[in-house]
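To start, the structure under review is shown below, and the notes come after it.
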Amino acid sequence: MKVTLISSCSDMAGTNIRRHLLGLRERGDTPTRNQVTFDLIEVEGRLIATDRIDQGLDSDLIIFLSRHTSRHPAPLLSVHMTGNLARAELGGRPFSLPPAHPVWMKAVLLNLQRYAPPGYQVTYEVTHHGPTELSIPSFFVEIGSTEREWKDPAAGNAVALAVQRADPIEAIPLLGLGGNHYATRATEIASNSPAAFGHIIHSREVGQLDESTLLLLRERSHAAAAYIDRHALTPAAVRNLEAICDRINLPAIGEGELRRLGSIGLQSYLALRHLAVAVAPRSTIVLHRLSGEGTPVTITVQNDLLEEALKANEDHLLQALDTMPLAHLVSINGRILTIFLTYDSLRAELINDLIRLCVKTIIGNQTTSINGDTLIIHHVRFDPHKARALGIAKGPLFGMLSAGHAIEKDGRMITPEMVRTEYERTLQIPGLVRYV
């Protein structure tokens, strides 16, 4: 891959970064990946006015090395896409968006976090300013926000290392919709999930988005899905964006979902989500050790069996699920549902594994007996009616009894056994002996 690094001789930060890149080259510090080559170009004038600079370049990616300015200056290292959703106030053309390279931009962002000098914030910025007329992917990496930082050798070295040692790995390219100028939530998500952002649109600009603009943004970001920053938008704006995304078949994925994605690909996850919506609307998917690809299917565990297993030891049950290639569903009120998701090729074995897990959780934590295919659970519980009959009103003594402690009331010792009720519950489990 050929990467062109462009700085301006009139830009203090760009000159600073370039000097350190040349120093790395002189010391023999080579790119992390052997197939990556860097070419340094220095131009005159402002980088935001370099439309069509890619013409005639033998390059796969352009990284602009630049300064960052702000009305509220603070030490900052940032990456961002260029483009104009409306007027071209700072270079480029109106209503023009260049192509992005989300995976490379994320790789540089993560390296900036690794090498940033103390006191420097590292962040994405939303899409803004020129150049816009480029046919190959590009992005800016910047030092902000005053002359002191632009000339800071530590900052220049950090950016040089971040670029030189960028090691792009597989990620999920996303379009970001909403957020402040410094894209705080997008930065946090990319730092802690497989997400990699291309264009990120400021909250104040999302009202300008329509189907054609979102289609262009998706194309320019190579986006597999859109992330909508619900915290930074009004409910009406969120609903409008979701409706447009739905009309153009652009999946909208949430922060929690992105953080839960592990070794499962986005398309496989979206297929699981589609199935979950069909069988349990408004439920949440919790992924366990499900990986790779497959045809999503459901597994249903009988309600009373799962209920008793959760009652017996919910923590143990959830820890065991973490070792299994499946996902479980949680209702909107936080209740674990009896529907599990997996791939068709794993379904038959997992049915037995889930039943076995529930049975052993119950037997290991409850007093039980077995009669053929019947599992009999012997429950003992605190009976508030018996406690009140003995003159114990709700309060500290009531609480001590319910927790299994003996108390003294009016010179009389009342033990937990005196306020307990015993009952049995029977579960019919075909082939029970196989699961014990």
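Letters A, B, ... go to the chains of the structure tokens in the order shown; residues in each chain start at 1; ligands are counted from 1 in the same order.
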Quick one: DSSP strand (DSSP E or B) residues in segment 203-408 of chain A, as a CSV table (one decimal) with N, CA and C atoms, in the first residue's frame?
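As a result, part16.csv now contains:
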chain,number,residue,atom,x,y,z
A,225,ALA,N,-22.7,0.1,8.4
A,225,ALA,CA,-23.8,0.5,9.2
A,225,ALA,C,-23.7,1.9,9.6
A,226,ALA,N,-24.7,2.5,10.3
A,226,ALA,CA,-24.6,3.8,10.8
A,226,ALA,C,-24.8,3.8,12.3
A,227,TYR,N,-24.0,4.6,13.0
A,227,TYR,CA,-24.1,4.8,14.4
A,227,TYR,C,-24.8,6.1,14.7
A,228,ILE,N,-26.0,6.1,15.3
A,228,ILE,CA,-26.7,7.3,15.6
A,228,ILE,C,-26.5,7.7,17.1
A,252,ALA,N,-28.8,0.6,11.4
A,252,ALA,CA,-28.4,1.5,12.4
A,252,ALA,C,-28.1,0.6,13.6
A,264,ILE,N,-17.8,-12.3,16.3
A,264,ILE,CA,-18.9,-12.5,15.3
A,264,ILE,C,-18.9,-11.2,14.4
A,284,THR,N,-33.1,-7.5,23.9
A,284,THR,CA,-31.7,-7.2,23.7
A,284,THR,C,-31.0,-8.5,23.6
A,285,ILE,N,-30.0,-8.5,22.7
A,285,ILE,CA,-29.2,-9.7,22.5
A,285,ILE,C,-27.9,-9.6,23.3
A,286,VAL,N,-27.6,-10.7,24.1
A,286,VAL,CA,-26.4,-10.8,24.8
A,286,VAL,C,-25.6,-11.9,24.3
A,287,LEU,N,-24.5,-11.6,23.6
A,287,LEU,CA,-23.7,-12.6,22.9
A,287,LEU,C,-22.8,-13.3,24.0
A,292,GLY,N,-17.9,-16.7,14.2
A,292,GLY,CA,-18.0,-17.1,12.8
A,292,GLY,C,-19.3,-16.8,12.2
A,296,PRO,N,-28.9,-18.2,11.5
A,296,PRO,CA,-29.4,-18.1,12.8
A,296,PRO,C,-30.7,-18.9,13.0
A,297,VAL,N,-30.8,-19.5,14.2
A,297,VAL,CA,-32.0,-20.2,14.6
A,297,VAL,C,-32.2,-20.0,16.1
A,298,THR,N,-33.4,-20.3,16.5
A,298,THR,CA,-33.7,-20.2,17.9
A,298,THR,C,-33.7,-21.5,18.7
A,299,ILE,N,-33.4,-21.5,19.9
A,299,ILE,CA,-33.6,-22.6,20.8
A,299,ILE,C,-34.5,-22.1,22.0
A,300,THR,N,-35.5,-22.9,22.3
A,300,THR,CA,-36.4,-22.5,23.4
A,300,THR,C,-36.3,-23.6,24.5
A,327,ALA,N,-26.4,-17.0,22.1
A,327,ALA,CA,-26.7,-15.7,22.6
A,327,ALA,C,-28.0,-15.8,23.4
A,328,HIS,N,-28.2,-15.1,24.5
A,328,HIS,CA,-29.5,-15.1,25.1
A,328,HIS,C,-30.2,-13.8,24.9
A,329,LEU,N,-31.5,-13.7,25.2
A,329,LEU,CA,-32.3,-12.5,25.0
A,329,LEU,C,-32.8,-12.0,26.3
A,330,VAL,N,-32.8,-10.7,26.4
A,330,VAL,CA,-33.3,-10.1,27.7
A,330,VAL,C,-34.4,-9.1,27.3
A,336,ILE,N,-34.4,-12.4,31.7
A,336,ILE,CA,-33.8,-13.3,30.8
A,336,ILE,C,-35.0,-14.1,30.2
A,337,LEU,N,-35.0,-14.2,28.8
A,337,LEU,CA,-36.1,-14.9,28.2
A,337,LEU,C,-35.7,-16.3,27.9
A,338,THR,N,-36.7,-17.2,27.6
A,338,THR,CA,-36.4,-18.6,27.4
A,338,THR,C,-36.0,-18.9,26.0
A,339,ILE,N,-35.8,-17.8,25.2
A,339,ILE,CA,-35.4,-18.0,23.8
A,339,ILE,C,-33.9,-17.7,23.7
A,340,PHE,N,-33.1,-18.7,23.1
A,340,PHE,CA,-31.7,-18.5,22.9
A,340,PHE,C,-31.5,-18.5,21.3
A,341,LEU,N,-30.4,-17.9,20.9
A,341,LEU,CA,-30.0,-17.8,19.5
A,341,LEU,C,-28.7,-18.5,19.3
A,342,THR,N,-28.6,-19.2,18.2
A,342,THR,CA,-27.3,-19.9,17.8
A,342,THR,C,-27.4,-20.1,16.3
A,343,TYR,N,-26.4,-20.9,15.8
A,343,TYR,CA,-26.5,-21.2,14.3
A,343,TYR,C,-27.0,-22.6,14.2
A,367,THR,N,-32.7,-28.6,47.1
A,367,THR,CA,-33.0,-30.0,47.6
A,367,THR,C,-34.0,-30.6,46.6
A,368,THR,N,-33.5,-31.7,45.9
A,368,THR,CA,-34.4,-32.2,44.9
A,368,THR,C,-34.4,-33.8,45.0
A,369,SER,N,-35.4,-34.3,44.3
A,369,SER,CA,-35.5,-35.8,44.1
A,369,SER,C,-36.0,-36.0,42.7
A,370,ILE,N,-35.8,-37.2,42.2
A,370,ILE,CA,-36.1,-37.6,40.9
A,370,ILE,C,-37.0,-38.8,40.9
A,371,ASN,N,-38.0,-38.8,40.0
A,371,ASN,CA,-38.9,-39.9,39.8
A,371,ASN,C,-39.2,-40.0,38.3
A,374,THR,N,-39.6,-36.9,36.1
A,374,THR,CA,-40.0,-35.8,37.0
A,374,THR,C,-38.9,-35.4,37.9
A,375,LEU,N,-38.6,-34.1,37.9
A,375,LEU,CA,-37.7,-33.5,38.8
A,375,LEU,C,-38.5,-32.8,39.9
A,376,ILE,N,-38.3,-33.2,41.1
A,376,ILE,CA,-39.1,-32.7,42.2
A,376,ILE,C,-38.2,-31.7,43.0
A,377,ILE,N,-38.6,-30.5,43.1
A,377,ILE,CA,-37.8,-29.5,43.8
A,377,ILE,C,-38.5,-29.2,45.1
A,378,HIS,N,-37.7,-29.3,46.2
A,378,HIS,CA,-38.3,-29.1,47.6
A,378,HIS,C,-37.9,-27.7,48.0
A,379,HIS,N,-38.8,-26.8,48.0
A,379,HIS,CA,-38.6,-25.4,48.4
A,379,HIS,C,-38.9,-25.1,49.8
A,380,VAL,N,-38.1,-24.4,50.5
A,380,VAL,CA,-38.3,-23.9,51.8
A,380,VAL,C,-38.2,-22.3,51.7
A,381,ARG,N,-39.2,-21.6,52.1
A,381,ARG,CA,-39.1,-20.1,52.1
A,381,ARG,C,-39.7,-19.5,53.3
A,382,PHE,N,-39.3,-18.3,53.5
A,382,PHE,CA,-39.8,-17.5,54.6
A,382,PHE,C,-41.2,-17.2,54.3
A,407,ILE,N,-34.5,-14.7,66.4
A,407,ILE,CA,-34.7,-13.4,67.1
A,407,ILE,C,-35.4,-13.7,68.5
A,408,GLU,N,-35.4,-12.7,69.3
A,408,GLU,CA,-36.1,-12.8,70.6
A,408,GLU,C,-37.2,-11.7,70.6
Near Pro384 of chain A, counting only C-alpha atoms, which residues have an atom at most 10 Å away, once you skip same-chain residues fewer than 6 positions from it, shown as a tab-separated table (two decimals) with N, CA and C atoms, in the first residue's frame?
chain	number	residue	atom	x	y	z
A	390	LEU	N	-47.08	-14.51	64.68
A	390	LEU	CA	-46.30	-14.59	65.92
A	390	LEU	C	-46.01	-13.21	66.49
A	392	ILE	N	-44.74	-10.53	64.80
A	392	ILE	CA	-43.58	-9.84	64.25
A	392	ILE	C	-44.03	-8.95	63.09
A	393	ALA	N	-43.97	-7.65	63.31
A	393	ALA	CA	-44.36	-6.70	62.25
A	393	ALA	C	-43.15	-6.41	61.37
A	394	LYS	N	-43.43	-5.84	60.19
A	394	LYS	CA	-42.34	-5.47	59.29
A	394	LYS	C	-41.40	-4.50	59.99
A	398	PHE	N	-38.29	-8.49	61.59
A	398	PHE	CA	-38.89	-9.16	60.43
A	398	PHE	C	-37.79	-9.48	59.41
A	401	LEU	N	-35.43	-12.34	60.60
A	401	LEU	CA	-36.06	-13.66	60.41
A	401	LEU	C	-36.02	-14.10	58.96
A	402	SER	N	-36.38	-13.17	58.05
A	402	SER	CA	-36.41	-13.52	56.64
A	402	SER	C	-35.01	-13.86	56.13
A	419	VAL	N	-41.03	-19.85	61.00
A	419	VAL	CA	-41.70	-18.96	60.05
A	419	VAL	C	-41.39	-19.36	58.61
A	420	ARG	N	-41.21	-20.67	58.41
A	420	ARG	CA	-40.93	-21.17	57.07
A	420	ARG	C	-42.09	-22.02	56.57
A	421	THR	N	-42.26	-21.98	55.25
A	421	THR	CA	-43.23	-22.83	54.58
A	421	THR	C	-42.50	-23.71	53.58
### Message
Which residue is closest to Asn313 of chain A? Choose from A:Cys358, A:Leu326, A:Ala271, A:Pro416 and count only C-alpha atoms.
### Response
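Using only C-alpha atoms, Asn313 of chain A sits closest to A:Cys358.
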Neighbours of Leu22 of chain A within 9 Å (only C-alpha atoms; same-chain residues fewer than 5 positions away dropped), as a short mmCIF file (atom, residue, chain, number, x, y, z; two decimals) with C-alpha atoms, in the first residue's frame?
data_model
loop_
_atom_site.label_atom_id
_atom_site.label_comp_id
_atom_site.auth_asym_id
_atom_site.auth_seq_id
_atom_site.Cartn_x
_atom_site.Cartn_y
_atom_site.Cartn_z
CA ILE A 17 5.41 16.34 12.15
CA ARG A 27 16.98 6.16 12.18
CA LEU A 40 6.38 12.76 1.97
CA ALA A 160 4.95 10.87 13.43
#
### Task
Identify, with DSSP run on backbone atoms, the residues in segment 160-404 of chain A assigned to alpha helix (DSSP H), and express the list as number ranges by chain.
A: 160-164, 184-191, 211-221, 235-247, 255-260, 266-279, 303-321, 347-365, 384-389, 396-402
### Query
Which residue out of A:Gly207, A:Gly83, A:Pro153, A:Gly294 has the minimum interatomic distance to Thr15 of chain A when only C-alpha atoms are used?
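For Thr15 of chain A, the nearest of the given residues is A:Pro153.
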